[in-house]
Amino acid sequence: MSTQSLTTATPKPRRNWLRPLFRDWDRTQMTVSFIILGLIALAPLVVDSPYYLGILILATLYAFIGVSWNIVAGYAGQLLIAHIIFLAVGAYTTLVLLNQFSVSPWVGIPIAGLVAALLGVLVAFITLRYGLKADYFALFTIALMVALRTLFLKWEFVGGALGIGLRLSNPSWLKMIFDNKEPYLYISLALATLGMILQYLIYRSKMGKYFIAIREDESAAAALGVNTSLYKTLAVVIGAALAGIGGGFYAMYVTFVDPPQVFDLGLNVEIVMAGPIIGGLGSLAGPVLGALVNKPLAVLIRGFLSAERSGTSLIVYGSFLILAIMFMPRGLAGVLHSIYNKLSRQSRESKSGGSQSGSA
Amino acid sequence: MDLQIFFQTIVNGLFTGGIYALVAIGLTLIYGVMLILNFAHGEFLMLGMYLAYWAFTLAGIDPYLAVPIAALLIFGLGALIQSGLVQRVLSAHPLNQIILLLGVSTLIIGLVQFFWSAEAKSIHVSYETSVIPLMGLRFSIPRLIAFLSAMVIALGLFLFLRFTRVGKAIRAVSQSRDAATLMGINVKYIYLLTFGIGAAVTAIGGVMLTPNYKMIPTIGQQFGVIAFVVVVLGTMGNFLGAFFGGLIIGVVEAFAGYLLGGDVKIIASMLVFILILLFRPAGLFGRRRA
């Protein structure tokens with residue numbers, strides 16, 4: 001230590017430009033997330049196989065959808081279990097607009113976000129009007145999912161039980177149909193990046209603090225003057241809008257949706273919940289960290305278990321949720337946080353220790 | 001709708017409602033004692049069905065004789081899930097509890113799909129389509145047996161909770177965990193027992209369904225959602241509420257199925273559910289909370 005004190009007296013200039021990026025835990029999380037997204041953006045340079053690019057596309061899309069759920073469930077603490085309804089409605093909106101009205105997905109996907117947001121307003125209004133909280137709110141969202149599934153099965157205009165598929169045509173930017181995977185990857189990367197930035201802005205804003213206050217203790221937040229109804233509604237609507245946008249892109253990428261597939265708790269676990277939970281619900285980096293592990297690891301384990309048999313992905317995601325809750329309730333971000341704390345404490349100690357020994 | 005169809009629909013509804021009641025009793029018992037929403041509950045019913053299928057195809061055991069085997073096995077599984085997983089999140093955020101149980105549910109569905117495939121399975125027994133005609137109504141024998149056994153099990157469980165020492169201990173824990181602890185009740189043991197009983201009762205419901213019900217790995221979700229409807233309707237944690245709620249939802253569904261067609265009837269349950277949640281969240285048997 002005393003030998004180090006001599007070197008710390010003249011700080012190395014080359015470490016300075018990195019330090020602001022890791023100065024606090026929030027910045028570290030954002031830096032790590034963007035490094036991961038940046039590496040994914042570079043992946044097409046080394047990865048040729050459409051199969052592996054497909055995994056990366058879904059992983060980044062899951063990160064974006066994870067952000068949407070992280071805002072509602074992670075930050076605002078709302079038990080919005082069947083979040084997939086917003087994704088499903090967004091997927092349907094985009095495909096119906098394209099097929100029935102020839103509206104380009106570039107317009108259709110934002111409209112999908114809007115429609116999902118409207119459904120979010122409705123959900124928030126109904127549940128707040130009648131004061132449904134916690135468990136009852138969770139059950140309400142699941143009941144809504146089951147009701148919507150049956151409704152969409154019977155609704156012939158949107159394809160009914162047959163589902164709705166993208167009418168395949170020549171690749172065109174206008175229709176968001178491409179003959180290779182790279183454009184899809186860059187769109188989903190753009191979504192994930194924008195999602196992460198939006199999440200950071202919300203987290204830093206007053207609204208984000210109110211969300212966390214509501215999560216920690218709703219009546220205390222209300223007593224301190226937080227308009228809990230307004231901010232709960234905002235959380236649900238923002239989450240819904242983002243999920244609707246993600247759903248729109250999901251539909252364009254997988255090219256087909258039907259009610260049993262998208263109004264389903266199994267897909268909900270895979271696409272919405274697993275990522276943020278593995279990554280750390282209520283943390284900034286959670287959705288990206290989780291999605292990075294979630295899809296690729298699931299594919300890997302499925303291959304290992306023999307992918308031909310059905311049920312393997314359910315086994316994998318079910319185990320993910322159980323293991324995460326039992327052994328890592330704060331997710332990968334929580335693990336990283338404790339490492340970060342240890343490192344920063346060490347560097348502080350060595351610095352203060354160094355200055356003491358220097359003065360002595 | 002003439003009178004005969006009307007009564008036949010009621011009979012059909014009650015028969016299904018008996019199973020709903022059994023599943024809901026299990027769910028409400030677990031909620032009442034542990035204040036935990038068991039999102040994996042329907043999976044116990046599904047496992048009951050597949051155990052009966054297994055016993056039937058492997059050893060030729062009649063589904064009704066498989067009841068004790070399934071009940072014991074699922075009791076063990078329930079107790080294991082409780083002590084290994086649920087017990088450790090009892091004081092965690094409700095979101096963590098829900099996620100954990102959704103994980104358990106997903107895992108069980110996945111395992112069943114892995115070993116028995118996602119295809120629909122059914123058991124064929126000689127009496128599966130036999131009926132007793134009585135006063136112009138038709139009583140399907142397997143469904144009558146299912147209904148009567150559900151009634152007997154519900155009554156037995158009711159008497160067990162009411163009059164035995166252990167039953168009283170379970171009710172004491174559901175009223176006040178702290179007071180029960182102070183009276184020397186082993187709360188952990190009661191939790192384990194309750195989760196096991198709740199799971200086993202539900203599995204029996206599943207076995208009872210097998211003679212004339214096709215099984216798929218996700219069938220538990222269908223029943224699980226309905227069980228939540230029933231439990232909220234009959235006030236969460238209320239035994240008799242779950243019992244009568246089950247019968248009511250069974251009849252409502254039967255009428256909705258008759259009037260709207262089979263696959264739309266679930267919408268009727270969901271509408272009842274949403275209306276109850278909105279206008280009387282304390283349920284039919286609960287005092288309205290301020």
# chains A, B, ... in the order shown; residues from 1 in each chain; ligands from 1

call {"tool": "interface_residues", "arguments": {"of": "chain B", "to": "chain A", "cutoff": "7 Å", "atoms": "only C-alpha atoms", "output": "VMD selection string"}}
result
chain B and resid 95 to 96 99 to 100 103 to 104 106 to 107 110 to 111 113 to 114 117 to 118 264 267 270 274 278

call {"tool": "write_last_selection", "arguments": {"atoms": "C-alpha atoms", "output": "mmCIF file, in the first residue's frame"}}
result
data_model
loop_
_atom_site.group_PDB
_atom_site.id
_atom_site.type_symbol
_atom_site.label_atom_id
_atom_site.label_comp_id
_atom_site.auth_asym_id
_atom_site.auth_seq_id
_atom_site.Cartn_x
_atom_site.Cartn_y
_atom_site.Cartn_z
ATOM 1 C CA LEU B 95 -44.499 -9.916 -7.213
ATOM 2 C CA ASN B 96 -41.699 -12.322 -6.261
ATOM 3 C CA ILE B 99 -43.189 -14.967 -10.306
ATOM 4 C CA LEU B 100 -41.967 -17.968 -8.322
ATOM 5 C CA GLY B 103 -42.150 -20.418 -12.686
ATOM 6 C CA VAL B 104 -43.306 -23.583 -10.913
ATOM 7 C CA THR B 106 -44.349 -23.204 -16.318
ATOM 8 C CA LEU B 107 -41.848 -25.844 -15.240
ATOM 9 C CA GLY B 110 -43.013 -28.071 -19.603
ATOM 10 C CA LEU B 111 -42.119 -31.350 -17.894
ATOM 11 C CA GLN B 113 -45.208 -31.752 -22.294
ATOM 12 C CA PHE B 114 -41.705 -33.180 -22.425
ATOM 13 C CA SER B 117 -46.118 -34.619 -25.502
ATOM 14 C CA ALA B 118 -48.511 -31.734 -26.056
ATOM 15 C CA VAL B 264 -67.349 -18.509 -25.637
ATOM 16 C CA ILE B 267 -65.985 -15.084 -21.505
ATOM 17 C CA MET B 270 -64.371 -13.675 -17.021
ATOM 18 C CA ILE B 274 -64.375 -8.688 -13.667
ATOM 19 C CA LEU B 278 -65.009 -4.213 -9.698
#

call {"tool": "residues_around", "arguments": {"residues": "Val125 of chain B", "least_positions_apart": "4", "cutoff": "10 Å", "atoms": "only C-alpha atoms", "output": "PyMOL selection string"}}
result
chain B and resi 56+62-63+129+142+210-212

call {"tool": "residues_around", "arguments": {"residues": "Lys295 of chain A", "least_positions_apart": "6", "cutoff": "9 Å", "atoms": "only C-alpha atoms", "output": "list in words"}}
result
Ile55, Leu56, Leu58, Ala59, Tyr62, Glu270, Ile271 and Gly275 of chain A

call {"tool": "residues_around", "arguments": {"residues": "Ala70 of chain B", "least_positions_apart": "5", "cutoff": "7 Å", "atoms": "only C-alpha atoms", "output": "list in words"}}
result
Gly48, Leu51, Ala203 and Ile204 of chain B

call {"tool": "select_by_dssp", "arguments": {"residues": "segment 35-144 of chain A", "states": "helix (DSSP H, G or I)", "output": "ChimeraX atom specification"}}
result
/A:35-46,50-75,84-101,105-129,134-144

call {"tool": "write_last_selection", "arguments": {"atoms": "C-alpha atoms", "output": "CSV table (one decimal), in the first residue's frame"}}
result
chain,number,residue,atom,x,y,z
A,35,ILE,CA,-21.4,-1.8,-24.4
A,36,ILE,CA,-23.6,-4.9,-24.7
A,37,LEU,CA,-25.9,-3.3,-27.3
A,38,GLY,CA,-22.8,-2.0,-29.1
A,39,LEU,CA,-21.3,-5.4,-29.3
A,40,ILE,CA,-24.5,-6.8,-30.6
A,41,ALA,CA,-24.5,-4.1,-33.3
A,42,LEU,CA,-21.0,-5.3,-34.3
A,43,ALA,CA,-22.1,-8.9,-34.4
A,44,PRO,CA,-23.0,-9.0,-38.1
A,45,LEU,CA,-19.4,-8.4,-38.9
A,46,VAL,CA,-18.4,-11.8,-37.5
A,50,PRO,CA,-29.1,-16.2,-40.0
A,51,TYR,CA,-29.9,-18.6,-37.1
A,52,TYR,CA,-27.5,-16.8,-34.7
A,53,LEU,CA,-28.6,-13.4,-35.9
A,54,GLY,CA,-32.2,-14.4,-35.3
A,55,ILE,CA,-31.3,-15.2,-31.7
A,56,LEU,CA,-29.7,-11.8,-31.3
A,57,ILE,CA,-32.7,-10.1,-32.9
A,58,LEU,CA,-35.0,-11.7,-30.4
A,59,ALA,CA,-32.6,-11.0,-27.5
A,60,THR,CA,-32.6,-7.3,-28.3
A,61,LEU,CA,-36.3,-7.2,-28.8
A,62,TYR,CA,-36.8,-9.0,-25.5
A,63,ALA,CA,-34.6,-6.3,-23.9
A,64,PHE,CA,-36.9,-3.6,-25.3
A,65,ILE,CA,-40.0,-5.4,-24.1
A,66,GLY,CA,-38.3,-6.1,-20.8
A,67,VAL,CA,-37.8,-2.3,-20.4
A,68,SER,CA,-41.5,-1.8,-20.9
A,69,TRP,CA,-42.4,-4.2,-18.1
A,70,ASN,CA,-39.5,-3.0,-15.9
A,71,ILE,CA,-41.1,0.5,-15.8
A,72,VAL,CA,-44.5,-0.8,-14.7
A,73,ALA,CA,-43.5,-3.7,-12.5
A,74,GLY,CA,-39.9,-2.9,-11.5
A,75,TYR,CA,-40.1,0.8,-10.9
A,84,ILE,CA,-48.4,-9.6,-22.9
A,85,ILE,CA,-51.9,-8.3,-23.7
A,86,PHE,CA,-50.3,-5.0,-24.8
A,87,LEU,CA,-47.8,-6.8,-27.0
A,88,ALA,CA,-50.5,-8.9,-28.5
A,89,VAL,CA,-52.7,-5.9,-29.3
A,90,GLY,CA,-49.8,-4.1,-30.8
A,91,ALA,CA,-48.9,-7.1,-33.0
A,92,TYR,CA,-52.5,-7.4,-34.2
A,93,THR,CA,-52.8,-3.7,-34.9
A,94,THR,CA,-49.7,-3.6,-37.0
A,95,LEU,CA,-50.6,-6.7,-39.1
A,96,VAL,CA,-54.3,-5.6,-39.6
A,97,LEU,CA,-53.2,-2.1,-40.6
A,98,LEU,CA,-50.8,-3.5,-43.1
A,99,ASN,CA,-53.0,-6.3,-44.5
A,100,GLN,CA,-56.4,-4.6,-44.5
A,101,PHE,CA,-55.5,-1.0,-45.0
A,105,PRO,CA,-45.4,-0.7,-40.5
A,106,TRP,CA,-43.3,2.4,-40.1
A,107,VAL,CA,-46.6,4.2,-39.4
A,108,GLY,CA,-48.4,1.1,-38.2
A,109,ILE,CA,-46.0,0.3,-35.3
A,110,PRO,CA,-46.4,3.7,-33.7
A,111,ILE,CA,-50.1,3.4,-34.1
A,112,ALA,CA,-49.9,0.0,-32.4
A,113,GLY,CA,-48.1,1.7,-29.5
A,114,LEU,CA,-51.0,4.2,-29.4
A,115,VAL,CA,-53.7,1.5,-29.4
A,116,ALA,CA,-51.9,-0.5,-26.7
A,117,ALA,CA,-51.6,2.8,-24.7
A,118,LEU,CA,-55.3,3.3,-25.0
A,119,LEU,CA,-55.9,-0.2,-23.7
A,120,GLY,CA,-53.5,0.7,-20.9
A,121,VAL,CA,-55.6,3.8,-20.1
A,122,LEU,CA,-58.6,1.6,-20.0
A,123,VAL,CA,-57.0,-1.0,-17.7
A,124,ALA,CA,-55.6,1.7,-15.4
A,125,PHE,CA,-58.9,3.6,-15.3
A,126,ILE,CA,-61.0,0.6,-14.5
A,127,THR,CA,-58.7,-0.8,-11.9
A,128,LEU,CA,-58.2,2.6,-10.2
A,129,ARG,CA,-61.8,3.6,-10.4
A,134,ALA,CA,-51.9,-5.9,-5.6
A,135,ASP,CA,-53.3,-9.4,-5.9
A,136,TYR,CA,-56.7,-8.3,-7.3
A,137,PHE,CA,-55.0,-6.2,-10.0
A,138,ALA,CA,-52.8,-9.2,-11.0
A,139,LEU,CA,-55.9,-11.4,-11.3
A,140,PHE,CA,-57.7,-8.7,-13.2
A,141,THR,CA,-55.0,-8.6,-15.9
A,142,ILE,CA,-55.1,-12.4,-16.2
A,143,ALA,CA,-58.8,-12.4,-16.6
A,144,LEU,CA,-58.6,-9.7,-19.2

call {"tool": "select_by_dssp", "arguments": {"residues": "segment 45-270 of chain B", "states": "strand (DSSP E)", "output": "VMD selection string"}}
result
chain B and resid 131 to 134 137 to 140

call {"tool": "write_last_selection", "arguments": {"atoms": "N, CA and C atoms", "output": "short mmCIF file (atom, residue, chain, number, x, y, z; two decimals), in the first residue's frame"}}
result
data_model
loop_
_atom_site.label_atom_id
_atom_site.label_comp_id
_atom_site.auth_asym_id
_atom_site.auth_seq_id
_atom_site.Cartn_x
_atom_site.Cartn_y
_atom_site.Cartn_z
N VAL B 131 -75.35 -43.33 -19.03
CA VAL B 131 -76.16 -42.31 -18.37
C VAL B 131 -77.28 -42.98 -17.59
N ILE B 132 -77.76 -42.30 -16.55
CA ILE B 132 -78.96 -42.72 -15.84
C ILE B 132 -80.07 -41.77 -16.27
N PRO B 133 -81.10 -42.26 -16.95
CA PRO B 133 -82.22 -41.36 -17.25
C PRO B 133 -83.13 -41.27 -16.03
N LEU B 134 -83.52 -40.06 -15.68
CA LEU B 134 -84.36 -39.89 -14.50
C LEU B 134 -85.23 -38.66 -14.73
N LEU B 137 -84.42 -36.31 -17.43
CA LEU B 137 -83.07 -35.75 -17.45
C LEU B 137 -82.06 -36.87 -17.60
N ARG B 138 -80.89 -36.53 -18.09
CA ARG B 138 -79.86 -37.54 -18.27
C ARG B 138 -78.69 -37.24 -17.33
N PHE B 139 -78.36 -38.20 -16.48
CA PHE B 139 -77.24 -38.02 -15.56
C PHE B 139 -76.09 -38.90 -16.03
N SER B 140 -75.04 -38.28 -16.55
CA SER B 140 -73.88 -39.04 -17.00
C SER B 140 -73.21 -39.68 -15.78
#

call {"tool": "residues_around", "arguments": {"residues": "Ala52 of chain B", "least_positions_apart": "2", "cutoff": "12 Å", "atoms": "only C-alpha atoms", "output": "PyMOL selection string"}}
result
chain B and resi 45-50+54-71+73-74+121-124+203-211+213+215

call {"tool": "residues_around", "arguments": {"residues": "segment 226-230 of chain B", "least_positions_apart": "6", "cutoff": "9 Å", "atoms": "only C-alpha atoms", "output": "PDB file with C-alpha atoms, in the first residue's frame"}}
result
ATOM      1  CA  LEU A 139     -55.907 -11.397 -11.254  1.00  0.00           C
ATOM      2  CA  ALA A 143     -58.839 -12.447 -16.551  1.00  0.00           C
TER       3      ALA A 143
ATOM      4  CA  TYR B  20     -64.616 -26.268  -9.729  1.00  0.00           C
ATOM      5  CA  ALA B  21     -65.621 -26.254  -6.070  1.00  0.00           C
ATOM      6  CA  VAL B  23     -60.226 -26.971  -7.055  1.00  0.00           C
ATOM      7  CA  ALA B  24     -61.307 -23.680  -5.528  1.00  0.00           C
ATOM      8  CA  ILE B  25     -61.420 -25.129  -2.022  1.00  0.00           C
ATOM      9  CA  LEU B  27     -56.873 -22.661  -3.641  1.00  0.00           C
ATOM     10  CA  THR B  28     -58.826 -20.790  -0.994  1.00  0.00           C
ATOM     11  CA  LEU B  37     -51.941 -16.651  -4.620  1.00  0.00           C
ATOM     12  CA  HIS B  41     -52.695 -24.434  -8.607  1.00  0.00           C
ATOM     13  CA  GLY B  42     -54.261 -25.618 -11.859  1.00  0.00           C
ATOM     14  CA  MET B 236     -60.705 -15.161  -0.796  1.00  0.00           C
ATOM     15  CA  GLY B 241     -67.610 -19.365  -0.342  1.00  0.00           C
ATOM     16  CA  ALA B 242     -65.316 -21.374  -2.591  1.00  0.00           C
ATOM     17  CA  PHE B 243     -67.686 -24.332  -2.413  1.00  0.00           C
ATOM     18  CA  PHE B 244     -70.832 -22.443  -3.387  1.00  0.00           C
ATOM     19  CA  GLY B 245     -68.898 -20.175  -5.739  1.00  0.00           C
ATOM     20  CA  GLY B 246     -67.743 -23.261  -7.633  1.00  0.00           C
ATOM     21  CA  LEU B 247     -71.294 -24.498  -8.078  1.00  0.00           C
ATOM     22  CA  ILE B 248     -72.492 -21.029  -9.128  1.00  0.00           C
ATOM     23  CA  ILE B 249     -69.751 -20.580 -11.723  1.00  0.00           C
ATOM     24  CA  ILE B 266     -65.156 -18.692 -20.663  1.00  0.00           C
ATOM     25  CA  SER B 269     -66.823 -16.476 -16.320  1.00  0.00           C
ATOM     26  CA  MET B 270     -64.371 -13.675 -17.021  1.00  0.00           C
ATOM     27  CA  VAL B 272     -68.571 -12.400 -13.843  1.00  0.00           C
ATOM     28  CA  PHE B 273     -65.049 -12.224 -12.490  1.00  0.00           C
ATOM     29  CA  ILE B 274     -64.375  -8.688 -13.667  1.00  0.00           C
ATOM     30  CA  ILE B 276     -67.170  -9.105  -9.018  1.00  0.00           C
TER      31      ILE B 276
END

call {"tool": "residues_around", "arguments": {"residues": "Ile30 of chain B", "least_positions_apart": "4", "cutoff": "10 Å", "atoms": "only C-alpha atoms", "output": "VMD selection string"}}
result
chain B and resid 24 to 26 34 to 38 41 174 191 to 199 236 to 237

call {"tool": "closest_residue", "arguments": {"among": "A:His83, A:Lys209, A:Arg348, A:Arg19", "to": "Gly244 of chain A", "atoms": "only C-alpha atoms"}}
result
A:His83

call {"tool": "atom_distance", "arguments": {"atom1": "atom CA of Thr28 of chain A", "atom2": "atom CA of His93 of chain B"}}
result
26.5 Å
